[in-house]
Amino acid sequence: MALIYHFAILFIFFTCINAALVQEQPLVLKYHNGVLLKGNVTVNLIWYGHFTPIQRSIITDFVISLNSGRTPAPSTSSWWKTTEKYHGGSSSIRVGHQILHEQYTLGKTLKSVHLKALASKVNFAINSINVVLTANDVVVDGFCMNRCGTHGSASRSRSGTYIWVGNSVTQCPGYCAWPFHQPIYGPQTPPLVSPNGDVGIDGMIINLATLLANTVTNPFNSGYFQGPATAPLEAVSACTGQFGSGSYPGYPGRTLVDKVTGASFNAYGVNGRKFLLPAMWDPQTSACRTLV
């Protein structure tokens, strides 16, 4: 299931001049009566290509932060709690196995079948998500053209799910790492400063956050989504480009700013981390919810 994540907001040029005068219809993601991922969910991380220890720690800290109750508000865990509103119950995320594939055993040009093969390096299990993370010198079919990541199920038996996210910093930061880089299209406003000092990794955090939320709320293509099942709008992809209040196409919205580094963020995490997380659709209000 591809995540068509248009950070560039291609439709900005087609926005009606009088759009502000038209009452916006509520966004509704329909529940299709399928199984959601609830309870204890294990996230296994599979690193393909070269990632520095610091880069790995940033992403690992993000996943740990999803269930940490020891961080100040607005917290990464409070962002994640919105998923509890989807058909009841909570998803408690924990980091499981981590596997390093630094030797590029499948080469540096991958297709979807390769991603699924990498995901299977950790046995698929019920309530598990195997996450494949590709380095910035790995080219993936469709990457930067119509997707920044994907999520899907391991098999028809619904035994597990997987996610792929790529580091776009050398290939298309204006597409998959916006708003930390000027967009490929649209208004060329100055990019935000990334909170962890790494545009590619902070871009991956945005896409990983998106796909984790989409996965637990629509793991087997029968959960919450709007539109066709082959190209659905899901929990976070329905709110693309929104990070703070007052956002509009091409403008991420108001964020918090670190007084020392000037970095933009909207969520605190463990180990002093700060993250910029995308808006998530709230079933109770039928609106995209931001932390700030």
# chains A, B, ... in the order shown; residues from 1 in each chain; ligands from 1
$ closest_atom_pairs --of "range 195-236 of chain A" --to "range 59-71 of chain A" --cutoff "9 Å" --atoms "only C-alpha atoms" --output "JSON lines"
{"residue": "A:Ile201", "atom": "CA", "partner": "A:Ile59", "partner_atom": "CA", "distance": 7.5}
{"residue": "A:Asp202", "atom": "CA", "partner": "A:Ile59", "partner_atom": "CA", "distance": 8.5}
{"residue": "A:Met204", "atom": "CA", "partner": "A:Ile59", "partner_atom": "CA", "distance": 8.2}
{"residue": "A:Ile205", "atom": "CA", "partner": "A:Ile59", "partner_atom": "CA", "distance": 6.7}
{"residue": "A:Leu208", "atom": "CA", "partner": "A:Ile59", "partner_atom": "CA", "distance": 8.9}
{"residue": "A:Ala209", "atom": "CA", "partner": "A:Val63", "partner_atom": "CA", "distance": 8.6}
$ closest_atom_pairs --of "range 67-141 of chain A" --to "range 258-273 of chain A" --cutoff "9 Å" --atoms "only C-alpha atoms" --output "JSON lines"
{"residue": "A:Ser68", "atom": "CA", "partner": "A:Val270", "partner_atom": "CA", "distance": 7.1}
{"residue": "A:Arg70", "atom": "CA", "partner": "A:Val270", "partner_atom": "CA", "distance": 7.6}
{"residue": "A:Thr71", "atom": "CA", "partner": "A:Gly269", "partner_atom": "CA", "distance": 5.9}
{"residue": "A:Pro72", "atom": "CA", "partner": "A:Tyr268", "partner_atom": "CA", "distance": 6.3}
{"residue": "A:Ala73", "atom": "CA", "partner": "A:Tyr268", "partner_atom": "CA", "distance": 6.8}
{"residue": "A:Pro74", "atom": "CA", "partner": "A:Ala267", "partner_atom": "CA", "distance": 5.2}
{"residue": "A:Ser75", "atom": "CA", "partner": "A:Tyr268", "partner_atom": "CA", "distance": 4.7}
{"residue": "A:Thr76", "atom": "CA", "partner": "A:Ala267", "partner_atom": "CA", "distance": 5.2}
{"residue": "A:Ser77", "atom": "CA", "partner": "A:Gly269", "partner_atom": "CA", "distance": 8.0}
{"residue": "A:Ser78", "atom": "CA", "partner": "A:Ala267", "partner_atom": "CA", "distance": 8.7}
{"residue": "A:Trp79", "atom": "CA", "partner": "A:Ala267", "partner_atom": "CA", "distance": 8.0}
$ atom_distance --atom1 "CA of Gly197 in chain A" --atom2 "CA of Ile58 in chain A"
10.3 Å
$ residues_around --residues "range 114-120 of chain A" --least-positions-apart "4" --cutoff "8 Å" --atoms "only C-alpha atoms" --output "PyMOL selection string"
chain A and resi 46+106+110+124+130-132+154+162-164
